[in-house]
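Enquirer: The structure file work.cif (mmCIF, C-alpha atoms) is provided below.
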```
data_work
loop_
_atom_site.group_PDB
_atom_site.id
_atom_site.type_symbol
_atom_site.label_atom_id
_atom_site.label_comp_id
_atom_site.auth_asym_id
_atom_site.auth_seq_id
_atom_site.Cartn_x
_atom_site.Cartn_y
_atom_site.Cartn_z
ATOM 1 C CA MET A 1 128.130 164.290 57.271
ATOM 2 C CA ASN A 2 131.205 162.709 58.846
ATOM 3 C CA THR A 3 129.229 162.175 62.063
ATOM 4 C CA GLN A 4 126.490 160.328 60.179
ATOM 5 C CA ARG A 5 129.064 158.249 58.332
ATOM 6 C CA GLN A 6 130.804 157.328 61.578
ATOM 7 C CA SER A 7 127.474 156.499 63.211
ATOM 8 C CA GLY A 8 126.494 154.222 60.334
ATOM 9 C CA GLN A 9 129.870 152.529 60.389
ATOM 10 C CA ALA A 10 129.561 151.951 64.128
ATOM 11 C CA MET A 11 126.111 150.359 63.668
ATOM 12 C CA ILE A 12 127.465 148.052 60.968
ATOM 13 C CA GLU A 13 130.423 147.061 63.121
ATOM 14 C CA MET A 14 128.079 146.417 66.066
ATOM 15 C CA ALA A 15 125.791 144.276 63.907
ATOM 16 C CA ILE A 16 128.750 142.250 62.674
ATOM 17 C CA GLY A 17 130.102 141.893 66.195
ATOM 18 C CA VAL A 18 126.735 140.781 67.591
ATOM 19 C CA THR A 19 126.334 138.266 64.753
ATOM 20 C CA ILE A 20 129.773 136.805 65.395
ATOM 21 C CA PHE A 21 129.106 136.680 69.136
ATOM 22 C CA LEU A 22 125.731 134.952 68.710
ATOM 23 C CA THR A 23 127.162 132.479 66.199
ATOM 24 C CA ALA A 24 130.035 131.639 68.522
ATOM 25 C CA SER A 25 127.676 131.302 71.485
ATOM 26 C CA LEU A 26 125.288 129.020 69.589
ATOM 27 C CA GLY A 27 128.258 127.017 68.320
ATOM 28 C CA ALA A 28 129.494 126.537 71.874
ATOM 29 C CA VAL A 29 126.005 125.472 72.944
ATOM 30 C CA GLN A 30 125.845 123.024 70.015
ATOM 31 C CA LEU A 31 129.214 121.526 70.919
ATOM 32 C CA GLY A 32 128.144 121.090 74.536
ATOM 33 C CA ILE A 33 124.815 119.494 73.626
ATOM 34 C CA SER A 34 126.469 117.231 71.051
ATOM 35 C CA ALA A 35 129.104 116.093 73.548
ATOM 36 C CA LEU A 36 126.466 115.293 76.165
ATOM 37 C CA SER A 37 124.306 113.461 73.611
ATOM 38 C CA ALA A 38 127.262 111.449 72.326
ATOM 39 C CA GLU A 39 128.118 110.485 75.888
ATOM 40 C CA GLY A 40 124.461 109.566 76.407
ATOM 41 C CA ALA A 41 124.580 107.283 73.363
ATOM 42 C CA GLN A 42 127.710 105.584 74.749
ATOM 43 C CA SER A 43 125.996 105.092 78.100
ATOM 44 C CA ALA A 44 122.844 103.748 76.417
ATOM 45 C CA ALA A 45 124.884 101.211 74.469
ATOM 46 C CA LEU A 46 126.560 100.043 77.676
ATOM 47 C CA VAL A 47 123.201 99.782 79.489
ATOM 48 C CA GLY A 48 121.766 97.758 76.614
ATOM 49 C CA ALA A 49 124.803 95.493 76.346
ATOM 50 C CA ARG A 50 124.860 94.812 80.071
ATOM 51 C CA THR A 51 121.180 93.897 80.037
ATOM 52 C CA ALA A 52 121.536 91.711 76.938
ATOM 53 C CA SER A 53 124.642 89.952 78.269
ATOM 54 C CA SER A 54 122.703 88.273 81.069
ATOM 55 C CA ALA A 55 122.398 84.518 80.663
ATOM 56 C CA PRO A 56 119.969 83.577 77.844
ATOM 57 C CA LEU A 57 116.675 82.186 79.120
ATOM 58 C CA PRO A 58 115.710 78.526 78.536
ATOM 59 C CA GLY A 59 113.543 78.299 75.419
ATOM 60 C CA GLU A 60 113.763 82.057 74.767
ATOM 61 C CA PRO A 61 117.141 82.668 73.097
ATOM 62 C CA LEU A 62 116.334 86.281 72.140
ATOM 63 C CA ALA A 63 114.570 87.476 75.291
ATOM 64 C CA ARG A 64 117.753 89.015 76.725
ATOM 65 C CA LEU A 65 118.492 90.789 73.444
ATOM 66 C CA ALA A 66 114.989 92.260 73.392
ATOM 67 C CA ALA A 67 115.419 93.415 76.983
ATOM 68 C CA GLY A 68 118.749 94.995 76.071
ATOM 69 C CA GLN A 69 117.209 96.846 73.141
ATOM 70 C CA SER A 70 114.433 98.164 75.364
ATOM 71 C CA ALA A 71 116.883 99.255 78.073
ATOM 72 C CA ALA A 72 119.130 101.020 75.564
ATOM 73 C CA GLY A 73 116.105 102.758 74.028
ATOM 74 C CA SER A 74 114.878 104.061 77.370
ATOM 75 C CA SER A 75 118.361 105.357 78.192
ATOM 76 C CA LEU A 76 118.657 107.036 74.782
ATOM 77 C CA GLU A 77 115.323 108.820 75.059
ATOM 78 C CA ALA A 78 116.441 110.342 78.345
ATOM 79 C CA ALA A 79 119.858 111.336 76.978
ATOM 80 C CA VAL A 80 119.163 112.935 73.600
ATOM 81 C CA LEU A 81 116.073 114.926 74.668
ATOM 82 C CA HIS A 82 114.678 116.854 71.654
ATOM 83 C CA LEU A 83 117.656 116.193 69.364
ATOM 84 C CA ALA A 84 116.421 112.810 68.149
ATOM 85 C CA ARG A 85 113.739 110.200 68.544
ATOM 86 C CA LEU A 86 114.119 106.441 68.636
ATOM 87 C CA ASP A 87 112.824 104.445 65.684
ATOM 88 C CA THR A 88 110.472 101.675 66.783
ATOM 89 C CA CYS A 89 110.356 98.086 65.589
ATOM 90 C CA ALA A 90 107.072 98.770 63.797
ATOM 91 C CA GLU A 91 108.766 101.468 61.703
ATOM 92 C CA ALA A 92 111.719 99.213 60.875
ATOM 93 C CA GLU A 93 109.876 96.033 59.958
ATOM 94 C CA VAL A 94 110.173 96.869 56.271
ATOM 95 C CA ALA A 95 113.956 97.000 56.541
ATOM 96 C CA PRO A 96 116.181 93.927 56.191
ATOM 97 C CA GLY A 97 116.668 92.358 59.583
ATOM 98 C CA GLY A 98 113.341 93.531 60.968
ATOM 99 C CA CYS A 99 113.536 95.579 64.135
ATOM 100 C CA GLY A 100 117.185 94.992 65.009
ATOM 101 C CA LEU A 101 116.654 91.526 66.491
ATOM 102 C CA ALA A 102 116.877 88.079 64.933
ATOM 103 C CA LEU A 103 113.650 86.825 63.359
ATOM 104 C CA GLN A 104 114.649 83.259 62.467
ATOM 105 C CA CYS A 105 115.980 80.531 64.780
ATOM 106 C CA VAL A 106 117.277 76.996 64.228
ATOM 107 C CA ARG A 107 118.123 73.953 66.307
ATOM 108 C CA TYR A 108 121.801 73.447 67.115
ATOM 109 C CA ASP A 109 123.817 70.313 67.695
ATOM 110 C CA GLY A 110 126.643 71.788 69.715
ATOM 111 C CA ASP A 111 127.701 74.792 67.638
ATOM 112 C CA LEU A 112 126.399 73.356 64.358
ATOM 113 C CA PRO A 113 122.942 74.279 63.001
ATOM 114 C CA VAL A 114 120.698 71.286 62.323
ATOM 115 C CA PRO A 115 119.473 71.269 58.700
ATOM 116 C CA ASP A 116 115.770 71.887 57.988
ATOM 117 C CA THR A 117 115.001 73.275 61.466
ATOM 118 C CA LEU A 118 114.528 76.932 60.472
ATOM 119 C CA GLN A 119 111.614 78.493 62.352
ATOM 120 C CA SER A 120 110.385 81.802 63.723
ATOM 121 C CA CYS A 121 112.119 82.706 66.951
ATOM 122 C CA PRO A 122 109.773 82.165 69.920
ATOM 123 C CA GLU A 123 108.301 85.211 71.624
ATOM 124 C CA GLY A 124 107.383 83.221 74.722
ATOM 125 C CA SER A 125 108.773 80.179 76.482
ATOM 126 C CA ALA A 126 109.318 77.258 74.132
ATOM 127 C CA GLY A 127 110.028 74.811 76.928
ATOM 128 C CA ALA A 128 113.151 73.619 78.663
ATOM 129 C CA THR A 129 113.771 70.949 75.985
ATOM 130 C CA LEU A 130 114.889 73.698 73.617
ATOM 131 C CA ALA A 131 117.023 75.511 76.176
ATOM 132 C CA VAL A 132 120.408 74.528 74.783
ATOM 133 C CA SER A 133 119.432 73.647 71.183
ATOM 134 C CA LEU A 134 117.359 76.550 69.842
ATOM 135 C CA GLY A 135 119.259 79.678 68.834
ATOM 136 C CA PRO A 136 119.473 82.437 66.213
ATOM 137 C CA SER A 137 119.973 81.278 62.638
ATOM 138 C CA PRO A 138 123.606 81.555 61.466
ATOM 139 C CA ASP A 139 122.877 84.652 59.354
ATOM 140 C CA ASN A 140 121.707 86.377 62.545
ATOM 141 C CA LEU A 141 125.039 85.825 64.312
ATOM 142 C CA ASP A 142 127.812 88.429 64.370
ATOM 143 C CA GLY A 143 130.737 86.013 64.161
ATOM 144 C CA SER A 144 132.442 83.188 62.280
ATOM 145 C CA GLN A 145 129.345 80.938 62.295
ATOM 146 C CA ASN A 146 127.709 83.432 59.946
ATOM 147 C CA PRO A 147 128.427 82.505 56.287
ATOM 148 C CA ALA A 148 128.731 86.245 55.540
ATOM 149 C CA CYS A 149 131.643 86.597 57.967
ATOM 150 C CA HIS A 150 134.931 86.490 56.101
ATOM 151 C CA THR A 151 137.218 88.377 58.500
ATOM 152 C CA THR A 152 138.312 88.150 62.115
ATOM 153 C CA ASP A 153 136.097 91.106 63.056
ATOM 154 C CA CYS A 154 132.561 90.498 61.838
ATOM 155 C CA PHE A 155 130.765 93.226 63.765
ATOM 156 C CA GLY A 156 127.635 94.140 61.809
ATOM 157 C CA SER A 157 127.527 90.992 59.661
ATOM 158 C CA ALA A 158 124.345 89.662 61.330
ATOM 159 C CA ARG A 159 121.097 90.214 59.432
ATOM 160 C CA SER A 160 119.624 91.794 62.561
ATOM 161 C CA MET A 161 122.312 94.502 62.307
ATOM 162 C CA ALA A 162 121.176 95.552 58.816
ATOM 163 C CA PRO A 163 118.723 98.246 60.017
ATOM 164 C CA CYS A 164 121.628 100.077 61.670
ATOM 165 C CA ALA A 165 123.685 100.048 58.461
ATOM 166 C CA ARG A 166 121.194 102.234 56.599
ATOM 167 C CA THR A 167 121.246 106.027 56.228
ATOM 168 C CA PHE A 168 119.185 107.935 58.783
ATOM 169 C CA PRO A 169 117.367 111.257 58.368
ATOM 170 C CA PRO A 170 118.144 113.997 60.913
ATOM 171 C CA GLY A 171 116.939 113.245 64.421
ATOM 172 C CA ARG A 172 116.467 109.473 64.181
ATOM 173 C CA LEU A 173 118.227 106.736 66.179
ATOM 174 C CA PHE A 174 118.028 102.946 66.176
ATOM 175 C CA VAL A 175 119.389 100.080 68.293
ATOM 176 C CA CYS A 176 120.481 96.718 66.855
ATOM 177 C CA LEU A 177 121.745 93.652 68.730
ATOM 178 C CA ALA A 178 123.140 90.233 67.883
ATOM 179 C CA TYR A 179 124.967 87.375 69.555
ATOM 180 C CA THR A 180 128.408 86.713 68.134
ATOM 181 C CA SER A 181 127.920 82.940 68.247
ATOM 182 C CA TRP A 182 125.653 80.174 69.437
ATOM 183 C CA PRO A 183 125.892 78.974 72.133
ATOM 184 C CA ALA A 184 126.208 82.630 73.061
ATOM 185 C CA THR A 185 129.609 83.910 74.183
ATOM 186 C CA ALA A 186 129.258 87.651 73.509
ATOM 187 C CA VAL A 187 126.664 90.193 72.427
ATOM 188 C CA ASP A 188 127.118 93.067 69.978
ATOM 189 C CA ILE A 189 125.093 96.278 70.205
ATOM 190 C CA TRP A 190 125.005 99.083 67.646
ATOM 191 C CA VAL A 191 123.426 102.464 68.364
ATOM 192 C CA LYS A 192 123.205 104.320 65.056
ATOM 193 C CA GLY A 193 121.550 107.449 63.688
ATOM 194 C CA THR A 194 121.760 111.224 63.651
ATOM 195 C CA LEU A 195 121.103 114.128 66.001
ATOM 196 C CA ARG A 196 119.428 117.349 64.952
ATOM 197 C CA THR A 197 121.498 120.505 65.416
ATOM 198 C CA VAL A 198 120.569 123.860 66.962
ATOM 199 C CA VAL A 199 122.688 125.778 64.439
ATOM 200 C CA PRO A 200 123.213 125.121 60.698
ATOM 201 C CA VAL A 201 125.911 122.452 60.399
ATOM 202 C CA ALA A 202 127.057 120.317 57.483
ATOM 203 C CA SER A 203 128.496 116.908 58.374
ATOM 204 C CA SER A 204 128.937 113.461 56.874
ATOM 205 C CA ALA A 205 125.312 112.793 57.879
ATOM 206 C CA GLY A 206 124.056 115.776 55.854
ATOM 207 C CA LEU A 207 122.836 119.277 56.631
ATOM 208 C CA ASP A 208 121.783 120.033 60.209
ATOM 209 C CA ALA A 209 122.545 116.478 61.329
ATOM 210 C CA LEU A 210 125.348 115.032 63.419
ATOM 211 C CA PRO A 211 126.157 111.323 63.020
ATOM 212 C CA VAL A 212 125.982 108.914 65.966
ATOM 213 C CA SER A 213 127.468 105.433 65.754
ATOM 214 C CA VAL A 214 128.341 103.481 68.900
ATOM 215 C CA GLN A 215 129.464 99.855 68.634
ATOM 216 C CA LEU A 216 130.078 97.695 71.672
ATOM 217 C CA ARG A 217 130.774 94.005 72.314
ATOM 218 C CA LEU A 218 130.321 92.453 75.761
ATOM 219 C CA GLN A 219 130.853 88.932 77.035
ATOM 220 C CA VAL A 220 127.763 86.880 77.829
ATOM 221 C CA GLU A 221 127.188 85.011 81.062
ATOM 222 C CA ALA A 222 126.903 81.224 80.981
ATOM 223 C CA LEU A 223 123.781 79.763 79.349
ATOM 224 C CA THR A 224 121.057 79.098 81.902
ATOM 225 C CA SER A 225 120.197 75.432 82.240
#
```
Write the structure described by the file as structure tokens, please.
Expert:
Amino acid sequence: MNTQRQSGQAMIEMAIGVTIFLTASLGAVQLGISALSAEGAQSAALVGARTASSAPLPGEPLARLAAGQSAAGSSLEAAVLHLARLDTCAEAEVAPGGCGLALQCVRYDGDLPVPDTLQSCPEGSAGATLAVSLGPSPDNLDGSQNPACHTTDCFGSARSMAPCARTFPPGRLFVCLAYTSWPATAVDIWVKGTLRTVVPVASSAGLDALPVSVQLRLQVEALTS
């Protein structure tokens, strides 16, 4: 009887030990994957910001931002593997701010918007005559020209940043960009979302989700003439 009792106790102890070992191993794997994915998100934000910080194109004030968003998205998809997927503009059009880029532009006289010149931002060349006058509407700027900016640090105040301020379900990422001013002096990029986990984890993003939020500001090259 004692032998059977000892055998049963040994099996229970082994089961507990194996469970602890597997949990610790999976936890270590999760930490490693999360660290690599977080680093990948940082790298993607830098890639996007560098692309977007190139000199704005004549007549196409948002072309560089769109290129930066695309570059950051491609880098993200390679970095996060199966832990998340990138939301597309089509999926975000219902959200305030559209797909993370400005939708409305205005004419500028220096750094002042010209009244009654609100229009859809051009998707193609609008001509050299608009090169230095057409830019994002003030509510799509991430700086003091935006009426919603009431502090020295207005990161995220642009309407185009609104999609990245929302709550994300597990495994979804999004990229938002905005110029801080017009004429452009700097570009802000925000990579936001959550990563799925390989082990059950509770975080501020919810169950089985790890939050990702990378914010970066980079100086812009001189406006192309």
Enquirer: Kindly resolve the PyMOL selection byres ((chain A and resi 137-142) around 10) on the present coordinates and return the residues as a PyMOL selection string.
Expert: chain A and resi 97+101-108+112-113+117-121+134-136+143-149+153-162+177-182+184+186-188
Enquirer: Using only C-alpha atoms, which residue out of A:Ser133, A:Thr167, A:Thr152, A:Thr197 lies closest to Pro183 (chain A)?
Expert: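 Between A:Ser133, A:Thr167, A:Thr152, A:Thr197, the residue approaching Pro183 (chain A) most closely is A:Ser133.
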Enquirer: Identify which of the residues A:Pro56, A:Leu65, A:Val191, A:Thr185 lies closest to Asp111 (chain A), counting only C-alpha atoms when measuring atom-to-atom distances.
Expert: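 Smallest separation from Asp111 (chain A) among the options: A:Thr185.
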Enquirer: Can you turn the PyMOL selection byres ((chain A and resi 215) around 7) into a concrete residue list for this file, as a ChimeraX atom specification?
Expert: /A:189-191,213-214,216
Enquirer: From the set A:Glu77, A:Pro170, A:Ala67, A:Pro122, which residue has the shortest atom-to-atom contact distance to Ser54 (chain A), counting only C-alpha atoms?
Expert: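 Among the listed residues, A:Ala67 lies closest to Ser54 (chain A).
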Enquirer: Could you jot down the CA of Val175 (chain A) to CA of Gly40 (chain A) separation for me, Å, one decimal place?
Expert: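 The value is 13.5 Å.
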Enquirer: Quick one: which residues end up in the PyMOL selection byres ((chain A and resi 174) around 8) for this structure, as a PyMOL selection string?
Expert: chain A and resi 86-88+163-164+172-173+175-176+191-193
Enquirer: Taking C-alpha atoms for each residue, export the selection above as a PDB file, keeping the file's coordinate frame.
Expert:
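Writing done, so here's out_10.pdb:
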```
ATOM      1  CA  LEU A  86     114.119 106.441  68.636  1.00  0.00           C
ATOM      2  CA  ASP A  87     112.824 104.445  65.684  1.00  0.00           C
ATOM      3  CA  THR A  88     110.472 101.675  66.783  1.00  0.00           C
ATOM      4  CA  PRO A 163     118.723  98.246  60.017  1.00  0.00           C
ATOM      5  CA  CYS A 164     121.628 100.077  61.670  1.00  0.00           C
ATOM      6  CA  ARG A 172     116.467 109.473  64.181  1.00  0.00           C
ATOM      7  CA  LEU A 173     118.227 106.736  66.179  1.00  0.00           C
ATOM      8  CA  VAL A 175     119.389 100.080  68.293  1.00  0.00           C
ATOM      9  CA  CYS A 176     120.481  96.718  66.855  1.00  0.00           C
ATOM     10  CA  VAL A 191     123.426 102.464  68.364  1.00  0.00           C
ATOM     11  CA  LYS A 192     123.205 104.320  65.056  1.00  0.00           C
ATOM     12  CA  GLY A 193     121.550 107.449  63.688  1.00  0.00           C
TER      13      GLY A 193
END
```
Enquirer: To one decimal place in Å, what is the distance between CA of Val220 (chain A) and CA of Ala38 (chain A)?
Expert: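 Result for CA of Val220 (chain A) versus CA of Ala38 (chain A): 25.2 Å, one decimal.
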Enquirer: Please, what distance in Å, to one decimal, runs between CA of Ala49 (chain A) and CA of Ala209 (chain A)?
Expert: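 CA of Ala209 (chain A) lies 25.9 Å from CA of Ala49 (chain A).
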Enquirer: Just want the 12 Å neighbourhood of Ala78 (chain A), counted on all atoms listed in the file, with same-chain residues fewer than 2 positions away dropped. Output as an mmCIF file with C-alpha atoms, in the frame of the given file.
Expert:
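As a result, selection-v6.cif now contains:
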```
data_model
loop_
_atom_site.group_PDB
_atom_site.id
_atom_site.type_symbol
_atom_site.label_atom_id
_atom_site.label_comp_id
_atom_site.auth_asym_id
_atom_site.auth_seq_id
_atom_site.Cartn_x
_atom_site.Cartn_y
_atom_site.Cartn_z
ATOM 1 C CA LEU A 36 126.466 115.293 76.165
ATOM 2 C CA SER A 37 124.306 113.461 73.611
ATOM 3 C CA GLU A 39 128.118 110.485 75.888
ATOM 4 C CA GLY A 40 124.461 109.566 76.407
ATOM 5 C CA ALA A 41 124.580 107.283 73.363
ATOM 6 C CA SER A 43 125.996 105.092 78.100
ATOM 7 C CA ALA A 44 122.844 103.748 76.417
ATOM 8 C CA ALA A 71 116.883 99.255 78.073
ATOM 9 C CA ALA A 72 119.130 101.020 75.564
ATOM 10 C CA GLY A 73 116.105 102.758 74.028
ATOM 11 C CA SER A 74 114.878 104.061 77.370
ATOM 12 C CA SER A 75 118.361 105.357 78.192
ATOM 13 C CA LEU A 76 118.657 107.036 74.782
ATOM 14 C CA VAL A 80 119.163 112.935 73.600
ATOM 15 C CA LEU A 81 116.073 114.926 74.668
ATOM 16 C CA HIS A 82 114.678 116.854 71.654
ATOM 17 C CA LEU A 83 117.656 116.193 69.364
ATOM 18 C CA ALA A 84 116.421 112.810 68.149
ATOM 19 C CA ARG A 85 113.739 110.200 68.544
ATOM 20 C CA LEU A 86 114.119 106.441 68.636
#
```
Enquirer: Taking into account only C-alpha atoms, which residue in the set A:Arg166, A:His150, A:Arg217, A:Arg50 is nearest to Gly100 (chain A)?
Expert: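 That would be A:Arg166, the residue with the smallest distance to Gly100 (chain A).
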